[in-house]
Every structure is written in structure tokens, then in C-alpha cells.
$ cat coords.cif   # mmCIF, C-alpha atoms and all ligand atoms
data_input
loop_
_atom_site.label_atom_id
_atom_site.label_comp_id
_atom_site.auth_asym_id
_atom_site.auth_seq_id
_atom_site.Cartn_x
_atom_site.Cartn_y
_atom_site.Cartn_z
CA MET A 1 5.42 18.23 45.07
CA LEU A 2 4.57 20.64 47.86
CA LYS A 3 4.92 24.39 47.40
CA PHE A 4 5.29 27.17 49.95
CA ILE A 5 6.13 30.87 49.83
CA HIS A 6 8.97 32.57 51.74
CA ILE A 7 8.61 36.34 52.28
CA THR A 8 10.90 38.32 54.55
CA ASP A 9 11.59 41.81 55.93
CA VAL A 10 8.33 43.58 55.21
CA HIS A 11 9.16 46.49 57.58
CA LEU A 12 5.66 47.96 57.84
CA VAL A 13 5.34 51.42 59.38
CA GLU A 14 2.34 53.44 60.51
CA GLN A 15 -0.27 53.70 57.79
CA GLY A 16 0.57 56.31 55.16
CA HIS A 17 4.16 56.75 56.30
CA ALA A 18 7.13 56.18 53.99
CA LEU A 19 10.30 54.24 54.69
CA TYR A 20 13.37 55.11 52.61
CA GLY A 21 11.07 56.82 50.10
CA LEU A 22 8.74 53.84 49.63
CA ASP A 23 5.42 52.77 51.14
CA PRO A 24 6.09 49.34 52.74
CA TYR A 25 2.38 48.53 52.87
CA LYS A 26 1.91 49.13 49.14
CA ARG A 27 5.01 47.03 48.48
CA LEU A 28 3.58 44.20 50.57
CA VAL A 29 0.26 44.43 48.72
CA ARG A 30 2.11 44.12 45.38
CA CYS A 31 3.91 41.07 46.75
CA LEU A 32 0.67 39.46 47.91
CA ASP A 33 -0.97 40.30 44.56
CA SER A 34 1.78 38.30 42.88
CA VAL A 35 1.45 35.35 45.28
CA ILE A 36 -2.32 35.24 44.78
CA GLU A 37 -2.10 35.56 41.00
CA GLU A 38 0.81 33.20 40.39
CA HIS A 39 1.06 30.84 43.38
CA SER A 40 -2.34 30.56 45.01
CA ASP A 41 -1.78 26.78 45.10
CA ALA A 42 1.02 27.18 47.67
CA ALA A 43 0.32 25.23 50.86
CA LEU A 44 1.46 28.04 53.15
CA CYS A 45 3.40 31.29 53.40
CA VAL A 46 6.27 31.93 55.82
CA ILE A 47 7.43 35.45 56.76
CA THR A 48 10.84 35.43 58.46
CA GLY A 49 10.68 38.58 60.52
CA ASP A 50 11.02 42.31 60.47
CA LEU A 51 7.29 42.35 59.97
CA ALA A 52 7.33 45.93 61.29
CA HIS A 53 10.06 48.58 61.13
CA VAL A 54 9.73 49.94 64.66
CA GLY A 55 7.26 47.41 66.08
CA HIS A 56 4.36 49.87 65.97
CA PRO A 57 0.93 48.33 66.72
CA ASP A 58 -0.51 49.85 63.54
CA ALA A 59 2.06 47.92 61.48
CA TYR A 60 0.76 44.61 62.87
CA ARG A 61 -2.83 45.71 62.35
CA GLN A 62 -2.05 46.45 58.70
CA LEU A 63 -0.16 43.18 58.31
CA ALA A 64 -3.00 41.10 59.73
CA HIS A 65 -5.44 42.91 57.43
CA ALA A 66 -3.28 42.47 54.31
CA LEU A 67 -2.69 38.77 54.97
CA GLU A 68 -6.43 38.07 55.17
CA ARG A 69 -6.39 38.04 51.36
CA LEU A 70 -4.06 35.06 51.12
CA PRO A 71 -5.80 31.74 50.51
CA MET A 72 -3.13 29.80 52.44
CA PRO A 73 -2.08 29.81 56.14
CA VAL A 74 0.63 32.34 57.06
CA LEU A 75 3.41 31.45 59.52
CA PRO A 76 5.24 34.58 60.74
CA ILE A 77 8.23 34.94 63.05
CA LEU A 78 9.90 37.98 64.61
CA GLY A 79 12.95 39.98 63.54
CA ASN A 80 15.02 42.52 65.41
CA HIS A 81 12.74 45.38 64.29
CA ASP A 82 9.66 43.68 65.76
CA ASN A 83 7.90 44.12 69.09
CA ARG A 84 6.78 40.83 70.59
CA GLU A 85 3.91 42.23 72.66
CA ASN A 86 2.46 44.27 69.82
CA PHE A 87 2.81 41.33 67.44
CA ARG A 88 1.00 39.00 69.80
CA GLU A 89 -1.85 41.46 70.23
CA PHE A 90 -2.67 41.30 66.52
CA PHE A 91 -1.60 37.68 65.91
CA PRO A 92 -3.03 35.91 68.96
CA ARG A 93 -3.29 32.56 67.16
CA VAL A 94 0.43 32.28 66.39
CA PRO A 95 1.77 29.81 68.99
CA VAL A 96 4.41 30.72 71.54
CA ASP A 97 6.64 28.43 73.61
CA ALA A 98 6.37 27.93 77.37
CA ASN A 99 8.45 31.09 77.95
CA GLY A 100 6.37 33.32 75.67
CA PHE A 101 8.82 33.34 72.76
CA VAL A 102 7.30 33.11 69.29
CA GLN A 103 8.65 29.63 68.62
CA TYR A 104 6.49 26.90 67.19
CA GLU A 105 6.37 24.02 64.76
CA ALA A 106 4.31 23.01 61.77
CA ALA A 107 4.16 19.95 59.54
CA ILE A 108 4.94 20.70 55.90
CA GLY A 109 4.39 17.43 54.09
CA GLN A 110 6.91 14.94 55.46
CA TYR A 111 9.03 17.78 56.84
CA ARG A 112 8.88 19.24 60.31
CA ALA A 113 9.18 23.03 60.17
CA LEU A 114 10.63 24.69 63.29
CA PHE A 115 10.31 28.45 63.77
CA LEU A 116 12.72 30.31 66.07
CA ASP A 117 12.47 33.66 67.86
CA THR A 118 15.79 35.59 67.80
CA ASN A 119 14.28 38.97 68.74
CA GLU A 120 15.91 40.75 71.68
CA PRO A 121 14.26 44.06 72.64
CA GLY A 122 16.34 47.14 71.96
CA VAL A 123 19.15 45.59 69.94
CA SER A 124 19.72 44.78 66.26
CA TYR A 125 21.70 41.60 66.71
CA GLY A 126 19.96 38.29 67.30
CA VAL A 127 19.71 36.27 70.49
CA LEU A 128 18.88 32.61 70.87
CA CYS A 129 19.28 32.24 74.61
CA GLU A 130 19.59 28.95 76.51
CA ARG A 131 15.82 28.76 77.01
CA ARG A 132 15.04 29.28 73.35
CA ALA A 133 17.78 26.91 72.24
CA GLN A 134 16.48 24.29 74.68
CA TRP A 135 13.11 24.44 72.93
CA LEU A 136 14.88 23.66 69.65
CA ALA A 137 16.89 20.84 71.22
CA ASP A 138 13.72 19.34 72.73
CA ARG A 139 11.91 19.43 69.37
CA LEU A 140 14.85 17.83 67.57
CA ALA A 141 14.98 15.06 70.17
CA GLU A 142 11.32 14.13 69.69
CA ASP A 143 11.54 12.28 66.39
CA GLU A 144 13.66 11.65 63.32
CA ARG A 145 11.71 13.63 60.71
CA PRO A 146 13.65 15.85 58.31
CA VAL A 147 13.57 19.47 59.49
CA LEU A 148 13.18 22.87 57.82
CA LEU A 149 14.47 25.62 60.08
CA PHE A 150 13.25 29.23 60.02
CA MET A 151 14.80 32.17 61.89
CA HIS A 152 15.37 35.87 61.27
CA HIS A 153 19.07 36.24 62.01
CA PRO A 154 21.84 34.22 60.36
CA ALA A 155 24.05 32.36 62.85
CA PHE A 156 27.26 32.81 60.88
CA ALA A 157 29.15 35.52 58.97
CA LEU A 158 28.10 36.12 55.36
CA GLY A 159 30.85 38.54 54.37
CA ILE A 160 28.78 41.73 54.43
CA ARG A 161 30.60 43.05 57.46
CA SER A 162 28.08 45.74 58.43
CA MET A 163 25.48 42.95 58.70
CA ASP A 164 27.80 40.36 60.20
CA ARG A 165 28.07 42.69 63.20
CA ILE A 166 24.32 42.25 63.83
CA ALA A 167 23.99 38.51 63.18
CA LEU A 168 23.17 36.05 65.99
CA LEU A 169 25.42 37.32 68.79
CA ASP A 170 26.23 34.22 70.82
CA THR A 171 25.89 31.16 68.63
CA GLY A 172 26.84 28.73 71.42
CA PRO A 173 23.33 27.70 72.54
CA PHE A 174 22.17 27.36 68.92
CA GLN A 175 25.14 25.21 67.97
CA ALA A 176 24.70 23.08 71.07
CA ALA A 177 21.04 22.48 70.16
CA LEU A 178 22.07 21.35 66.69
CA SER A 179 24.85 19.11 67.98
CA GLY A 180 24.51 15.71 66.32
CA GLN A 181 21.35 16.85 64.54
CA ALA A 182 22.68 19.06 61.74
CA HIS A 183 22.27 16.29 59.16
CA ARG A 184 18.50 16.36 59.77
CA ILE A 185 18.20 20.07 58.92
CA LYS A 186 17.41 19.91 55.20
CA HIS A 187 17.27 23.68 54.73
CA LEU A 188 17.73 26.84 56.79
CA PHE A 189 15.66 29.89 55.80
CA PHE A 190 16.41 33.29 57.26
CA GLY A 191 15.92 37.01 56.58
CA HIS A 192 17.63 40.08 58.04
CA ILE A 193 20.17 40.60 55.23
CA HIS A 194 17.81 41.98 52.54
CA ARG A 195 19.86 40.24 49.82
CA PRO A 196 19.64 36.94 47.90
CA ILE A 197 22.34 34.67 49.33
CA PHE A 198 22.65 30.88 49.08
CA GLY A 199 25.18 28.42 50.41
CA SER A 200 25.69 25.98 53.23
CA TRP A 201 26.80 26.20 56.83
CA ARG A 202 28.15 23.10 58.59
CA GLY A 203 26.58 21.09 55.78
CA ILE A 204 23.15 22.75 56.16
CA PRO A 205 21.92 24.38 52.94
CA PHE A 206 20.59 27.90 53.46
CA SER A 207 18.84 30.66 51.55
CA THR A 208 17.90 34.23 52.24
CA ILE A 209 16.42 36.83 49.92
CA ARG A 210 15.63 40.53 49.56
CA GLY A 211 12.88 42.14 51.57
CA THR A 212 9.73 43.61 50.07
CA ASN A 213 10.61 47.28 50.75
CA HIS A 214 14.30 48.34 50.89
CA GLN A 215 17.47 46.30 50.34
CA VAL A 216 21.09 46.06 51.44
CA ALA A 217 23.68 46.70 48.72
CA LEU A 218 26.47 44.21 48.02
CA ARG A 219 29.35 45.86 49.88
CA LEU A 220 31.86 43.43 51.34
CA ASP A 221 34.17 46.13 52.68
CA ASN A 222 33.94 47.24 56.26
CA THR A 223 31.50 50.15 56.11
CA ALA A 224 30.46 51.79 59.36
CA LYS A 225 26.84 52.02 58.24
CA ILE A 226 24.69 49.47 56.44
CA PRO A 227 24.64 50.26 52.69
CA GLY A 228 21.04 50.54 51.53
CA SER A 229 19.69 50.08 48.01
CA HIS A 230 16.46 49.92 46.06
CA GLU A 231 17.25 46.75 44.15
CA PRO A 232 14.10 44.81 43.17
CA PRO A 233 12.11 43.15 45.97
CA GLN A 234 11.68 39.38 46.02
CA TYR A 235 9.93 36.42 47.50
CA SER A 236 10.85 32.74 47.20
CA VAL A 237 8.77 29.88 45.88
CA VAL A 238 9.97 26.73 47.60
CA LEU A 239 9.25 23.27 46.18
CA LEU A 240 9.52 20.26 48.47
CA GLN A 241 9.91 16.68 47.37
CA ASP A 242 11.02 13.65 49.37
CA GLU A 243 14.62 14.07 48.29
CA SER A 244 14.90 17.73 47.37
CA VAL A 245 14.28 21.29 48.51
CA THR A 246 14.23 23.76 45.60
CA VAL A 247 14.19 27.52 46.11
CA HIS A 248 13.01 29.72 43.23
CA VAL A 249 13.51 33.47 43.72
CA HIS A 250 10.88 35.73 42.19
CA ASP A 251 11.53 39.43 41.47
CA PHE A 252 7.81 40.07 41.60
CA LEU A 253 7.90 43.69 40.37
CA ASP A 254 10.10 42.93 37.36
CA ARG A 255 8.27 43.77 34.13
CA SER A 256 10.95 42.90 31.61
CA GLU A 257 9.68 41.25 28.43
CA ARG A 258 8.51 37.63 28.48
CA PHE A 259 8.67 35.54 25.29
CA TRP A 260 9.04 31.97 24.09
CA LEU A 261 12.58 30.85 23.37
CA GLY A 262 13.47 29.29 20.03
CA GLU A 263 11.29 31.50 17.83
FE FE B 1 15.07 43.78 57.93
#
$ encode --input "coords.cif" --output "C-alpha cells"
Amino acid sequence: MLKFIHITDVHLVEQGHALYGLDPYKRLVRCLDSVIEEHSDAALCVITGDLAHVGHPDAYRQLAHALERLPMPVLPILGNHDNRENFREFFPRVPVDANGFVQYEAAIGQYRALFLDTNEPGVSYGVLCERRAQWLADRLAEDERPVLLFMHHPAFALGIRSMDRIALLDTGPFQAALSGQAHRIKHLFFGHIHRPIFGSWRGIPFSTIRGTNHQVALRLDNTAKIPGSHEPPQYSVVLLQDESVTVHVHDFLDRSERFWLGE
């Protein structure tokens, strides 16, 4: 059984600054403390975007520094709050595709993990343009391995209408890239929503979770603004076997009582 960690929406700001009354760096450190203490045997750690809140270089400097503590490789991608140039300055070893987008692949056991870049400068919605989608189509055409797909934005509506307005804007190129290949996508991991949500889309199982700093409240009515909340932060512990993908969600700051059942 192979284990990896999924973290999302870290939203780091300049050192010492607060975001919605919390220190995103301290929150990240608490998250990494938990990963190191409880899941240091994980094979790798994926962070699905919004690494920084306004893409400030100091956020990426802090992130690179904080991640040095992890004993496993870290595979980050970009969210709408990120700045590609600033990210690449502090993460020069993260691969990019031929067009400079932060899209790359990694082998996770028998699975082929594909990482997509849906960042579009200056906007909150996601973009997977023809060039980026072609990269995905080319990778999917290369072999028949089962695929785990990672991206920041969801490509379909989740029912939180304030967030649905800033999902992937034009899903055409993405859907075209997946045409005839959806059965090979064994799980889709994304961020952006700052809430735990699970389901399937076109037969592809998906999961997304809360961020490490601030969250989005469960409001399904059509609010003009995004409803924020300080519900507990999370990360996922994902277990891979030949025939299963299992996603455990960990509220890593929860300190409610632990005890043995049946006594
Ligand atoms: Fe976010």
C-alpha cells in the first residue's frame, strides 16, 4: 500500500502578516508538524495550488523553507492566487511543459500522476487553454497506465454558486483531452473550494478538502461574495492499492478526546 499526502490552499502572505485573522505560515507549520509526526512514511506530498495569497515572492521563499523539513518529495502546482514567475524563482526544480506552464508528471507506484496548471494571471477563474490541454492529451496518449489527475480548479459546478462562478471557465479543451480516456482517470484531486467535497464527475471519482488557513462556508444559495469561515483546516492521507484509491481526511488541529472503544 502506497501513501501520499494531499495539502491544498496554503495562501502564504509576506512573513508576519495575517490573513483573515490567522498567520498562514504558522498554520502551514502546524500542518507539516502533523505530517512529520503521523505520516512521515508517506511517499510524497502534493499541494494543489494557492500556495501564496497574492503571489508575493516572500510567500514562496517561506514555502520552500518550510517544506525543507518534510522527509518526502513535494509536488506543488499553481492556483489562481499564485504568480508563476515568482513560484519558479523559488522552485526552480519543479518541471514545466514546453510552453512554460507548471505541468508535469510523476510515477506514484503503478499510477501515473499528471499535474495541471490552471493559473491565469489576473483572474480568479481557471484556464486550461488549448496548449495546456494538448499537453494532457499527449500524456494520456503515451501509455495505458491508470492516472491520478491533480489541478487547482474544479472543471464542473459543485453547487456553491459563489465558487462555481470561478471554476474552470472554458471546459472544452479539458473535456476534449479526456475524450475516450476518462475511464483511465482513477481519481481527480483539486483545491480552490476550501471545503471537503467528494463525488464523481463523468465517472471520475474526485475529492477536495479544506485549506490550511481559511475556509469557505457551506452556502448553496447565490451569494454575491464568497462566504468565509474558520472551520478546522485539513489535509488528506491517500492510500493507493492496485484496485483502490482511499482518501482519509485529517482535521490536524482537532484536539478532541481520543480513547479506545468498547471499554
Ligand atoms: Fe484558495
$ closest_atom_pairs --input "coords.cif" --of "chain A" --to "ligand FE 1 (chain B)" --cutoff "7 Å" --atoms "all atoms listed in the file" --output "Markdown table"
| residue | atom | partner | partner_atom | distance |
| --- | --- | --- | --- | --- |
| A:Asp9 | CA | B:FE1 | FE | 4.5 |
| A:His11 | CA | B:FE1 | FE | 6.5 |
| A:Asp50 | CA | B:FE1 | FE | 5.0 |
| A:His81 | CA | B:FE1 | FE | 7.0 |
| A:Gly191 | CA | B:FE1 | FE | 7.0 |
| A:His192 | CA | B:FE1 | FE | 4.5 |
| A:Ile193 | CA | B:FE1 | FE | 6.6 |
| A:His194 | CA | B:FE1 | FE | 6.3 |
| A:Gly211 | CA | B:FE1 | FE | 6.9 |
$ atom_distance --input "coords.cif" --atom1 "atom CA of Leu148 of chain A" --atom2 "atom CA of Leu116 of chain A"
11.1 Å
$ residues_near_point --input "coords.cif" --point "(22.1, 17.1, 61.9)" --cutoff "10 Å" --atoms "all atoms listed in the file" --output "NGL selection string"
:A and (140 or 146-147 or 177-186 or 202-204)
$ residues_around --input "coords.cif" --residues "segment 57-73 of chain A" --least-positions-apart "3" --cutoff "10 Å" --atoms "only C-alpha atoms" --output "JSON, numbers by chain"
{"A": [4, 5, 10, 11, 12, 13, 14, 15, 24, 25, 26, 28, 29, 32, 33, 35, 36, 39, 40, 41, 42, 43, 44, 45, 46, 51, 52, 53, 54, 76, 82, 83, 85, 86, 87, 88, 89, 90, 91]}
$ atom_distance --input "coords.cif" --atom1 "atom CA of Gly228 of chain A" --atom2 "atom CA of Thr171 of chain A"
26.3 Å
